[in-house]
file data-v5.txt (compact mmCIF, N, CA and C atoms)
# COMPACT_ATOMS: atom_id res chain seq x y z
N MET A 1 42.73 187.05 -9.85
CA MET A 1 43.46 187.89 -8.93
C MET A 1 42.65 189.15 -8.61
N LEU A 2 41.79 189.58 -9.52
CA LEU A 2 41.00 190.77 -9.26
C LEU A 2 39.94 190.53 -8.20
N SER A 3 39.73 189.27 -7.78
CA SER A 3 38.77 188.97 -6.72
C SER A 3 39.32 189.31 -5.34
N LEU A 4 40.61 189.55 -5.24
CA LEU A 4 41.21 189.87 -3.94
C LEU A 4 40.97 191.34 -3.61
N ASN A 5 40.74 191.62 -2.32
CA ASN A 5 40.54 193.03 -1.92
C ASN A 5 41.85 193.80 -1.94
N ALA A 6 42.96 193.12 -1.89
CA ALA A 6 44.28 193.74 -2.00
C ALA A 6 45.19 192.74 -2.70
N GLN A 7 45.86 193.17 -3.75
CA GLN A 7 46.72 192.27 -4.50
C GLN A 7 48.11 192.22 -3.87
N LYS A 8 48.13 191.86 -2.60
CA LYS A 8 49.37 191.75 -1.84
C LYS A 8 49.12 190.77 -0.69
N PRO A 9 50.18 190.29 -0.02
CA PRO A 9 49.98 189.36 1.09
C PRO A 9 48.97 189.90 2.10
N GLY A 10 48.06 189.04 2.53
CA GLY A 10 47.02 189.42 3.47
C GLY A 10 45.70 189.71 2.80
N GLY A 11 45.69 189.88 1.48
CA GLY A 11 44.45 190.13 0.77
C GLY A 11 43.57 188.89 0.77
N SER A 12 42.27 189.09 0.70
CA SER A 12 41.35 187.95 0.65
C SER A 12 40.18 188.31 -0.25
N GLY A 13 39.42 187.30 -0.62
CA GLY A 13 38.27 187.55 -1.47
C GLY A 13 37.49 186.29 -1.72
N LYS A 14 36.46 186.41 -2.53
CA LYS A 14 35.61 185.28 -2.90
C LYS A 14 35.42 185.31 -4.40
N LEU A 15 35.34 184.12 -4.98
CA LEU A 15 35.12 183.98 -6.41
C LEU A 15 33.95 183.04 -6.61
N ASN A 16 32.87 183.51 -7.22
CA ASN A 16 31.71 182.68 -7.52
C ASN A 16 31.84 182.14 -8.93
N THR A 17 31.68 180.82 -9.08
CA THR A 17 31.81 180.17 -10.37
C THR A 17 30.51 179.45 -10.70
N SER A 18 30.03 179.63 -11.91
CA SER A 18 28.78 179.04 -12.36
C SER A 18 28.92 177.52 -12.50
N LEU A 19 27.89 176.81 -12.07
CA LEU A 19 27.81 175.36 -12.24
C LEU A 19 26.52 175.06 -13.00
N GLY A 20 26.55 175.16 -14.27
CA GLY A 20 25.35 174.92 -15.05
C GLY A 20 24.43 176.13 -15.02
N ARG A 21 23.15 175.89 -15.27
CA ARG A 21 22.20 176.99 -15.41
C ARG A 21 21.80 177.63 -14.08
N TYR A 22 21.73 176.86 -13.02
CA TYR A 22 21.12 177.37 -11.80
C TYR A 22 22.01 177.34 -10.56
N GLY A 23 23.18 176.82 -10.68
CA GLY A 23 24.01 176.69 -9.49
C GLY A 23 25.32 177.45 -9.59
N TYR A 24 25.96 177.59 -8.47
CA TYR A 24 27.28 178.21 -8.43
C TYR A 24 28.06 177.63 -7.26
N MET A 25 29.36 177.81 -7.30
CA MET A 25 30.27 177.38 -6.25
C MET A 25 31.11 178.58 -5.87
N THR A 26 31.37 178.75 -4.60
CA THR A 26 32.19 179.86 -4.13
C THR A 26 33.56 179.35 -3.71
N PHE A 27 34.59 180.04 -4.15
CA PHE A 27 35.96 179.76 -3.73
C PHE A 27 36.41 180.88 -2.81
N ASP A 28 37.01 180.53 -1.69
CA ASP A 28 37.61 181.51 -0.80
C ASP A 28 39.08 181.66 -1.21
N LEU A 29 39.52 182.90 -1.35
CA LEU A 29 40.88 183.20 -1.78
C LEU A 29 41.61 183.96 -0.68
N ARG A 30 42.89 183.62 -0.49
CA ARG A 30 43.71 184.30 0.51
C ARG A 30 45.13 184.44 -0.04
N ALA A 31 45.60 185.67 -0.16
CA ALA A 31 46.97 185.91 -0.64
C ALA A 31 47.93 185.70 0.52
N GLN A 32 48.99 184.90 0.28
CA GLN A 32 49.92 184.57 1.36
C GLN A 32 51.23 185.34 1.29
N ASP A 33 52.03 185.03 0.29
CA ASP A 33 53.40 185.57 0.23
C ASP A 33 53.74 186.00 -1.18
N ILE A 34 54.80 186.78 -1.28
CA ILE A 34 55.41 187.06 -2.59
C ILE A 34 56.63 186.16 -2.69
N GLU A 35 56.70 185.38 -3.77
CA GLU A 35 57.78 184.41 -3.96
C GLU A 35 58.39 184.55 -5.34
N GLN A 36 59.68 184.31 -5.42
CA GLN A 36 60.36 184.23 -6.71
C GLN A 36 60.30 182.76 -7.12
N ILE A 37 59.70 182.46 -8.29
CA ILE A 37 59.64 181.07 -8.74
C ILE A 37 60.19 180.95 -10.15
N MET A 38 60.63 179.75 -10.49
CA MET A 38 61.12 179.43 -11.83
C MET A 38 60.16 178.43 -12.46
N VAL A 39 59.76 178.71 -13.68
CA VAL A 39 58.93 177.82 -14.49
C VAL A 39 59.58 177.76 -15.87
N PRO A 40 59.14 176.86 -16.75
CA PRO A 40 59.76 176.80 -18.08
C PRO A 40 59.77 178.13 -18.83
N ALA A 41 58.84 179.04 -18.54
CA ALA A 41 58.79 180.34 -19.22
C ALA A 41 59.80 181.33 -18.63
N GLY A 42 60.44 181.00 -17.50
CA GLY A 42 61.43 181.88 -16.90
C GLY A 42 61.17 182.11 -15.42
N GLY A 43 61.82 183.13 -14.88
CA GLY A 43 61.68 183.46 -13.46
C GLY A 43 60.68 184.60 -13.28
N PHE A 44 59.86 184.50 -12.24
CA PHE A 44 58.82 185.50 -11.98
C PHE A 44 58.72 185.79 -10.49
N ARG A 45 58.46 187.04 -10.14
CA ARG A 45 58.06 187.39 -8.77
C ARG A 45 56.55 187.21 -8.75
N THR A 46 56.06 186.37 -7.86
CA THR A 46 54.65 186.00 -7.87
C THR A 46 54.00 186.21 -6.52
N LEU A 47 52.70 186.38 -6.57
CA LEU A 47 51.87 186.40 -5.37
C LEU A 47 51.26 185.02 -5.23
N ARG A 48 51.53 184.39 -4.10
CA ARG A 48 50.99 183.05 -3.83
C ARG A 48 49.59 183.20 -3.24
N VAL A 49 48.60 182.60 -3.92
CA VAL A 49 47.20 182.70 -3.50
C VAL A 49 46.68 181.30 -3.20
N ILE A 50 46.08 181.14 -2.02
CA ILE A 50 45.47 179.87 -1.63
C ILE A 50 43.99 179.95 -1.99
N MET A 51 43.49 178.93 -2.69
CA MET A 51 42.09 178.89 -3.10
C MET A 51 41.47 177.60 -2.59
N ARG A 52 40.34 177.74 -1.91
CA ARG A 52 39.65 176.56 -1.37
C ARG A 52 38.14 176.72 -1.59
N VAL A 53 37.49 175.63 -1.94
CA VAL A 53 36.03 175.64 -2.10
C VAL A 53 35.40 175.97 -0.76
N ASN A 54 34.41 176.85 -0.78
CA ASN A 54 33.65 177.16 0.42
C ASN A 54 32.60 176.07 0.59
N ALA A 55 32.68 175.30 1.67
CA ALA A 55 31.79 174.16 1.90
C ALA A 55 30.32 174.57 1.90
N ASP A 56 30.00 175.73 2.44
CA ASP A 56 28.60 176.18 2.47
C ASP A 56 28.01 176.30 1.06
N SER A 57 28.83 176.64 0.08
CA SER A 57 28.31 176.85 -1.28
C SER A 57 27.98 175.55 -1.99
N VAL A 58 28.59 174.44 -1.58
CA VAL A 58 28.30 173.15 -2.22
C VAL A 58 27.45 172.24 -1.35
N MET A 59 27.33 172.58 -0.09
CA MET A 59 26.50 171.80 0.84
C MET A 59 25.37 172.70 1.34
N LYS A 60 24.66 173.31 0.40
CA LYS A 60 23.66 174.33 0.72
C LYS A 60 22.56 173.87 1.67
N TYR A 61 22.17 172.63 1.56
CA TYR A 61 21.03 172.15 2.34
C TYR A 61 21.43 171.33 3.57
N TRP A 62 22.70 171.31 3.86
CA TRP A 62 23.19 170.61 5.04
C TRP A 62 23.18 171.57 6.23
N PRO A 63 23.08 171.05 7.43
CA PRO A 63 23.19 171.93 8.60
C PRO A 63 24.57 172.60 8.63
N ALA A 64 24.61 173.84 9.10
CA ALA A 64 25.84 174.63 9.09
C ALA A 64 26.98 173.95 9.84
N PHE A 65 26.69 173.28 10.95
CA PHE A 65 27.77 172.66 11.71
C PHE A 65 28.43 171.53 10.91
N LEU A 66 27.67 170.84 10.06
CA LEU A 66 28.26 169.78 9.24
C LEU A 66 29.16 170.34 8.14
N SER A 67 28.74 171.44 7.54
CA SER A 67 29.60 172.03 6.50
C SER A 67 30.88 172.59 7.13
N ARG A 68 30.81 173.12 8.35
CA ARG A 68 32.02 173.59 9.04
C ARG A 68 32.95 172.42 9.36
N LEU A 69 32.37 171.27 9.71
CA LEU A 69 33.20 170.09 9.97
C LEU A 69 33.84 169.56 8.69
N ALA A 70 33.14 169.69 7.57
CA ALA A 70 33.65 169.18 6.29
C ALA A 70 34.69 170.10 5.66
N GLN A 71 34.67 171.39 5.98
CA GLN A 71 35.53 172.37 5.32
C GLN A 71 37.01 171.97 5.26
N PRO A 72 37.61 171.48 6.34
CA PRO A 72 39.05 171.14 6.27
C PRO A 72 39.37 170.00 5.30
N PHE A 73 38.35 169.23 4.89
CA PHE A 73 38.60 168.11 4.00
C PHE A 73 38.52 168.48 2.53
N PHE A 74 38.10 169.71 2.22
CA PHE A 74 38.09 170.17 0.84
C PHE A 74 39.52 170.52 0.46
N PRO A 75 39.95 170.09 -0.73
CA PRO A 75 41.34 170.37 -1.12
C PRO A 75 41.58 171.87 -1.32
N GLN A 76 42.81 172.27 -1.08
CA GLN A 76 43.17 173.65 -1.36
C GLN A 76 44.10 173.66 -2.55
N ASN A 77 43.94 174.66 -3.37
CA ASN A 77 44.78 174.85 -4.55
C ASN A 77 45.67 176.06 -4.31
N ILE A 78 46.85 176.03 -4.89
CA ILE A 78 47.78 177.14 -4.76
C ILE A 78 48.00 177.72 -6.15
N LEU A 79 47.78 179.01 -6.27
CA LEU A 79 47.96 179.71 -7.54
C LEU A 79 49.05 180.75 -7.37
N TYR A 80 49.92 180.85 -8.36
CA TYR A 80 51.00 181.83 -8.34
C TYR A 80 50.75 182.82 -9.48
N TYR A 81 50.49 184.08 -9.14
CA TYR A 81 50.23 185.13 -10.13
C TYR A 81 51.43 186.06 -10.21
N ASP A 82 51.81 186.42 -11.43
CA ASP A 82 52.87 187.39 -11.66
C ASP A 82 52.44 188.71 -11.01
N ILE A 83 53.31 189.31 -10.19
CA ILE A 83 52.91 190.56 -9.53
C ILE A 83 52.94 191.75 -10.49
N ALA A 84 53.61 191.58 -11.63
CA ALA A 84 53.62 192.65 -12.65
C ALA A 84 52.38 192.52 -13.54
N ALA A 85 51.83 193.67 -13.92
CA ALA A 85 50.67 193.66 -14.83
C ALA A 85 51.07 192.95 -16.11
N PRO A 86 50.22 192.17 -16.72
CA PRO A 86 48.79 191.97 -16.49
C PRO A 86 48.46 190.82 -15.53
N HIS A 87 49.35 190.50 -14.59
CA HIS A 87 49.09 189.53 -13.51
C HIS A 87 48.70 188.16 -14.05
N ARG A 88 49.53 187.61 -14.91
CA ARG A 88 49.26 186.29 -15.49
C ARG A 88 49.40 185.19 -14.45
N LEU A 89 48.61 184.14 -14.62
CA LEU A 89 48.75 182.95 -13.79
C LEU A 89 50.00 182.22 -14.28
N VAL A 90 50.98 182.06 -13.38
CA VAL A 90 52.26 181.47 -13.74
C VAL A 90 52.32 179.99 -13.39
N LYS A 91 51.68 179.63 -12.27
CA LYS A 91 51.75 178.24 -11.82
C LYS A 91 50.50 177.91 -11.01
N PHE A 92 50.02 176.65 -11.16
CA PHE A 92 48.88 176.13 -10.42
C PHE A 92 49.30 174.81 -9.81
N VAL A 93 49.06 174.63 -8.51
CA VAL A 93 49.32 173.37 -7.84
C VAL A 93 48.05 172.99 -7.09
N GLY A 94 47.47 171.87 -7.45
CA GLY A 94 46.23 171.44 -6.80
C GLY A 94 45.52 170.40 -7.63
N SER A 95 44.23 170.23 -7.35
CA SER A 95 43.44 169.26 -8.08
C SER A 95 42.28 169.97 -8.78
N PHE A 96 41.79 169.35 -9.83
CA PHE A 96 40.70 169.93 -10.60
C PHE A 96 39.34 169.44 -10.13
N GLY A 97 39.29 168.71 -9.04
CA GLY A 97 38.01 168.22 -8.52
C GLY A 97 38.20 167.35 -7.30
N TYR A 98 37.10 167.07 -6.64
CA TYR A 98 37.12 166.24 -5.44
C TYR A 98 37.66 164.86 -5.77
N LEU A 99 38.62 164.39 -5.02
CA LEU A 99 39.29 163.10 -5.19
C LEU A 99 40.12 162.99 -6.47
N ALA A 100 40.27 164.07 -7.21
CA ALA A 100 41.13 164.07 -8.39
C ALA A 100 42.58 164.16 -7.92
N PRO A 101 43.51 163.61 -8.69
CA PRO A 101 44.92 163.68 -8.28
C PRO A 101 45.44 165.11 -8.32
N GLN A 102 46.45 165.37 -7.51
CA GLN A 102 47.08 166.69 -7.50
C GLN A 102 47.96 166.83 -8.74
N VAL A 103 47.90 167.99 -9.36
CA VAL A 103 48.70 168.26 -10.55
C VAL A 103 49.43 169.59 -10.37
N THR A 104 50.47 169.78 -11.17
CA THR A 104 51.17 171.06 -11.24
C THR A 104 51.14 171.50 -12.69
N VAL A 105 50.64 172.70 -12.92
CA VAL A 105 50.58 173.27 -14.27
C VAL A 105 51.42 174.55 -14.24
N GLU A 106 52.38 174.65 -15.17
CA GLU A 106 53.27 175.80 -15.20
C GLU A 106 53.24 176.49 -16.56
N MET A 107 53.45 177.80 -16.54
CA MET A 107 53.54 178.57 -17.77
C MET A 107 54.80 178.13 -18.52
N THR A 108 54.63 177.88 -19.83
CA THR A 108 55.77 177.43 -20.62
C THR A 108 56.33 178.51 -21.53
N ARG A 109 55.48 179.47 -21.94
CA ARG A 109 55.94 180.55 -22.81
C ARG A 109 55.21 181.83 -22.46
N VAL A 110 55.87 182.93 -22.79
CA VAL A 110 55.25 184.25 -22.64
C VAL A 110 55.38 184.94 -24.00
N TYR A 111 54.26 185.42 -24.50
CA TYR A 111 54.27 186.17 -25.76
C TYR A 111 54.02 187.63 -25.44
N ILE A 112 54.85 188.49 -26.01
CA ILE A 112 54.71 189.93 -25.80
C ILE A 112 54.28 190.54 -27.12
N GLU A 113 53.17 191.25 -27.08
CA GLU A 113 52.65 191.88 -28.29
C GLU A 113 53.58 193.02 -28.71
N SER A 114 53.84 193.08 -29.98
CA SER A 114 54.67 194.18 -30.51
C SER A 114 53.80 195.07 -31.38
N GLY A 115 54.30 196.27 -31.65
CA GLY A 115 53.56 197.20 -32.49
C GLY A 115 53.43 196.68 -33.91
N SER A 116 52.37 197.04 -34.57
CA SER A 116 52.14 196.62 -35.94
C SER A 116 53.07 197.35 -36.89
N ALA A 117 53.50 196.67 -37.95
CA ALA A 117 54.35 197.29 -38.96
C ALA A 117 53.58 198.31 -39.78
N ARG A 118 52.23 198.25 -39.70
CA ARG A 118 51.39 199.17 -40.48
C ARG A 118 50.92 200.34 -39.62
N GLY A 119 51.58 200.61 -38.55
CA GLY A 119 51.20 201.75 -37.71
C GLY A 119 49.94 201.55 -36.91
N GLY A 120 49.67 200.30 -36.45
CA GLY A 120 48.51 200.02 -35.63
C GLY A 120 47.22 199.85 -36.40
N LYS A 121 47.31 199.70 -37.73
CA LYS A 121 46.10 199.54 -38.56
C LYS A 121 45.91 198.11 -38.95
call {"tool": "encode", "arguments": {"input": "data-v5.txt", "output": "structure tokens"}}
result
Amino acid sequence: MLSLNAQKPGGSGKLNTSLGRYGYMTFDLRAQDIEQIMVPAGGFRTLRVIMRVNADSVMKYWPAFLSRLAQPFFPQNILYYDIAAPHRLVKFVGSFGYLAPQVTVEMTRVYIESGSARGGK
């Protein structure tokens, strides 16, 4: 979520992810809406973020017009981040790779740190 230029609807950004020693892949991020969603961990006000692989980053040696033609065929993933700090990922809807099946992953529990009985020692 810190990759977005604004953590609110309309924000956008890019996320570079390492692929081994010498390569990387870029994801384009776009914040869409604030939604109230329910998951097994409870109800959350979330920022819906669309994430899609940038075709130019994976088709580096292809002509630009071909990567622009291919871009709509890359799957998009939807991420729901809690709008309250620390902005936890609450829900993921999408695929983990090209031609992989679509999955939904939801937060099942939330743990809240409490103060130590020994006064923080």
call {"tool": "residues_around", "arguments": {"input": "data-v5.txt", "residues": "Glu106 in chain A", "least_positions_apart": "2", "cutoff": "7 Å", "atoms": "all atoms listed in the file", "output": "ChimeraX atom specification"}}
result
/A:39-41,89-92,104,108-109
call {"tool": "axis_aligned_box", "arguments": {"input": "data-v5.txt", "around": "range 16-33 of chain A", "padding_each_side": "3 Å", "output": "JSON"}}
result
{"center_x": 37.4, "center_y": 180.5, "center_z": -7.0, "size_x": 38.6, "size_y": 17.1, "size_z": 22.8}
call {"tool": "residues_near_point", "arguments": {"input": "data-v5.txt", "point": "(45.5, 178.2, -2.5)", "cutoff": "8 Å", "atoms": "only N, CA and C atoms", "output": "VMD selection string"}}
result
chain A and resid 28 to 31 48 to 52 75 to 80 93
call {"tool": "select_by_dssp", "arguments": {"input": "data-v5.txt", "residues": "chain A", "states": "alpha helix (DSSP H)", "output": "ChimeraX atom specification"}}
result
/A:55-58,64-70
call {"tool": "closest_residue", "arguments": {"input": "data-v5.txt", "among": "A:Tyr111, A:Phe74, A:Tyr81, A:Phe65", "to": "Phe27 in chain A", "atoms": "only C-alpha atoms"}}
result
A:Phe74
call {"tool": "atom_distance", "arguments": {"input": "data-v5.txt", "atom1": "atom N of Ala55 in chain A", "atom2": "CA of Thr26 in chain A"}}
result
7.4 Å
call {"tool": "select_by_dssp", "arguments": {"input": "data-v5.txt", "residues": "chain A", "states": "strand (DSSP E)", "output": "PyMOL selection string"}}
result
chain A and resi 12-19+23-39+42-53+76-82+89-94+103-106
call {"tool": "atom_distance", "arguments": {"input": "data-v5.txt", "atom1": "atom C of Ser114 in chain A", "atom2": "atom C of Ala85 in chain A"}}
result
15.7 Å
call {"tool": "atom_distance", "arguments": {"input": "data-v5.txt", "atom1": "CA of Glu35 in chain A", "atom2": "CA of Leu47 in chain A"}}
result
6.4 Å
call {"tool": "closest_residue", "arguments": {"input": "data-v5.txt", "among": "A:Pro86, A:Arg45, A:Gly10, A:Gln32", "to": "Ile112 in chain A", "atoms": "only C-alpha atoms"}}
result
A:Pro86
call {"tool": "closest_residue", "arguments": {"input": "data-v5.txt", "among": "A:Gly23, A:Asp56, A:Pro9, A:Pro101", "to": "Arg68 in chain A", "atoms": "all atoms listed in the file"}}
result
A:Asp56
call {"tool": "closest_residue", "arguments": {"input": "data-v5.txt", "among": "A:Ile83, A:Val53, A:Leu19, A:Leu66", "to": "Ile34 in chain A", "atoms": "only C-alpha atoms"}}
result
A:Ile83
call {"tool": "build_atoms", "arguments": {"input": "data-v5.txt", "residues": "range 79-100 of chain A", "atoms": "N, CA, C and O atoms", "output": "JSON list (two decimals), in the frame of the given file"}}
result
[["chain", "number", "residue", "atom", "x", "y", "z"],
["A", 79, "LEU", "N", 47.78, 179.01, -6.27],
["A", 79, "LEU", "CA", 47.96, 179.71, -7.54],
["A", 79, "LEU", "C", 49.05, 180.75, -7.37],
["A", 79, "LEU", "O", 49.10, 181.43, -6.36],
["A", 80, "TYR", "N", 49.92, 180.85, -8.36],
["A", 80, "TYR", "CA", 51.00, 181.83, -8.34],
["A", 80, "TYR", "C", 50.75, 182.82, -9.48],
["A", 80, "TYR", "O", 50.80, 182.44, -10.65],
["A", 81, "TYR", "N", 50.49, 184.08, -9.14],
["A", 81, "TYR", "CA", 50.23, 185.13, -10.13],
["A", 81, "TYR", "C", 51.43, 186.06, -10.21],
["A", 81, "TYR", "O", 51.97, 186.48, -9.18],
["A", 82, "ASP", "N", 51.81, 186.42, -11.43],
["A", 82, "ASP", "CA", 52.87, 187.39, -11.66],
["A", 82, "ASP", "C", 52.44, 188.71, -11.01],
["A", 82, "ASP", "O", 51.32, 189.17, -11.23],
["A", 83, "ILE", "N", 53.31, 189.31, -10.19],
["A", 83, "ILE", "CA", 52.91, 190.56, -9.53],
["A", 83, "ILE", "C", 52.94, 191.75, -10.49],
["A", 83, "ILE", "O", 52.35, 192.77, -10.22],
["A", 84, "ALA", "N", 53.61, 191.58, -11.63],
["A", 84, "ALA", "CA", 53.62, 192.65, -12.65],
["A", 84, "ALA", "C", 52.38, 192.52, -13.54],
["A", 84, "ALA", "O", 51.93, 191.42, -13.84],
["A", 85, "ALA", "N", 51.83, 193.67, -13.92],
["A", 85, "ALA", "CA", 50.67, 193.66, -14.83],
["A", 85, "ALA", "C", 51.07, 192.95, -16.11],
["A", 85, "ALA", "O", 52.20, 193.05, -16.54],
["A", 86, "PRO", "N", 50.22, 192.17, -16.72],
["A", 86, "PRO", "CA", 48.79, 191.97, -16.49],
["A", 86, "PRO", "C", 48.46, 190.82, -15.53],
["A", 86, "PRO", "O", 47.38, 190.24, -15.61],
["A", 87, "HIS", "N", 49.35, 190.50, -14.59],
["A", 87, "HIS", "CA", 49.09, 189.53, -13.51],
["A", 87, "HIS", "C", 48.70, 188.16, -14.05],
["A", 87, "HIS", "O", 47.68, 187.59, -13.69],
["A", 88, "ARG", "N", 49.53, 187.61, -14.91],
["A", 88, "ARG", "CA", 49.26, 186.29, -15.49],
["A", 88, "ARG", "C", 49.40, 185.19, -14.45],
["A", 88, "ARG", "O", 50.22, 185.29, -13.54],
["A", 89, "LEU", "N", 48.61, 184.14, -14.62],
["A", 89, "LEU", "CA", 48.75, 182.95, -13.79],
["A", 89, "LEU", "C", 50.00, 182.22, -14.28],
["A", 89, "LEU", "O", 50.10, 181.83, -15.44],
["A", 90, "VAL", "N", 50.98, 182.06, -13.38],
["A", 90, "VAL", "CA", 52.26, 181.47, -13.74],
["A", 90, "VAL", "C", 52.32, 179.99, -13.39],
["A", 90, "VAL", "O", 52.88, 179.19, -14.13],
["A", 91, "LYS", "N", 51.68, 179.63, -12.27],
["A", 91, "LYS", "CA", 51.75, 178.24, -11.82],
["A", 91, "LYS", "C", 50.50, 177.91, -11.01],
["A", 91, "LYS", "O", 49.97, 178.75, -10.29],
["A", 92, "PHE", "N", 50.02, 176.65, -11.16],
["A", 92, "PHE", "CA", 48.88, 176.13, -10.42],
["A", 92, "PHE", "C", 49.30, 174.81, -9.81],
["A", 92, "PHE", "O", 49.85, 173.94, -10.50],
["A", 93, "VAL", "N", 49.06, 174.63, -8.51],
["A", 93, "VAL", "CA", 49.32, 173.37, -7.84],
["A", 93, "VAL", "C", 48.05, 172.99, -7.09],
["A", 93, "VAL", "O", 47.59, 173.72, -6.22],
["A", 94, "GLY", "N", 47.47, 171.87, -7.45],
["A", 94, "GLY", "CA", 46.23, 171.44, -6.80],
["A", 94, "GLY", "C", 45.52, 170.40, -7.63],
["A", 94, "GLY", "O", 46.09, 169.78, -8.51],
["A", 95, "SER", "N", 44.23, 170.23, -7.35],
["A", 95, "SER", "CA", 43.44, 169.26, -8.08],
["A", 95, "SER", "C", 42.28, 169.97, -8.78],
["A", 95, "SER", "O", 41.86, 171.04, -8.36],
["A", 96, "PHE", "N", 41.79, 169.35, -9.83],
["A", 96, "PHE", "CA", 40.70, 169.93, -10.60],
["A", 96, "PHE", "C", 39.34, 169.44, -10.13],
["A", 96, "PHE", "O", 38.33, 169.71, -10.76],
["A", 97, "GLY", "N", 39.29, 168.71, -9.04],
["A", 97, "GLY", "CA", 38.01, 168.22, -8.52],
["A", 97, "GLY", "C", 38.20, 167.35, -7.30],
["A", 97, "GLY", "O", 39.31, 166.94, -6.97],
["A", 98, "TYR", "N", 37.10, 167.07, -6.64],
["A", 98, "TYR", "CA", 37.12, 166.24, -5.44],
["A", 98, "TYR", "C", 37.66, 164.86, -5.77],
["A", 98, "TYR", "O", 37.22, 164.23, -6.74],
["A", 99, "LEU", "N", 38.62, 164.39, -5.02],
["A", 99, "LEU", "CA", 39.29, 163.10, -5.19],
["A", 99, "LEU", "C", 40.12, 162.99, -6.47],
["A", 99, "LEU", "O", 40.60, 161.93, -6.81],
["A", 100, "ALA", "N", 40.27, 164.07, -7.21],
["A", 100, "ALA", "CA", 41.13, 164.07, -8.39],
["A", 100, "ALA", "C", 42.58, 164.16, -7.92],
["A", 100, "ALA", "O", 42.86, 164.73, -6.86]]
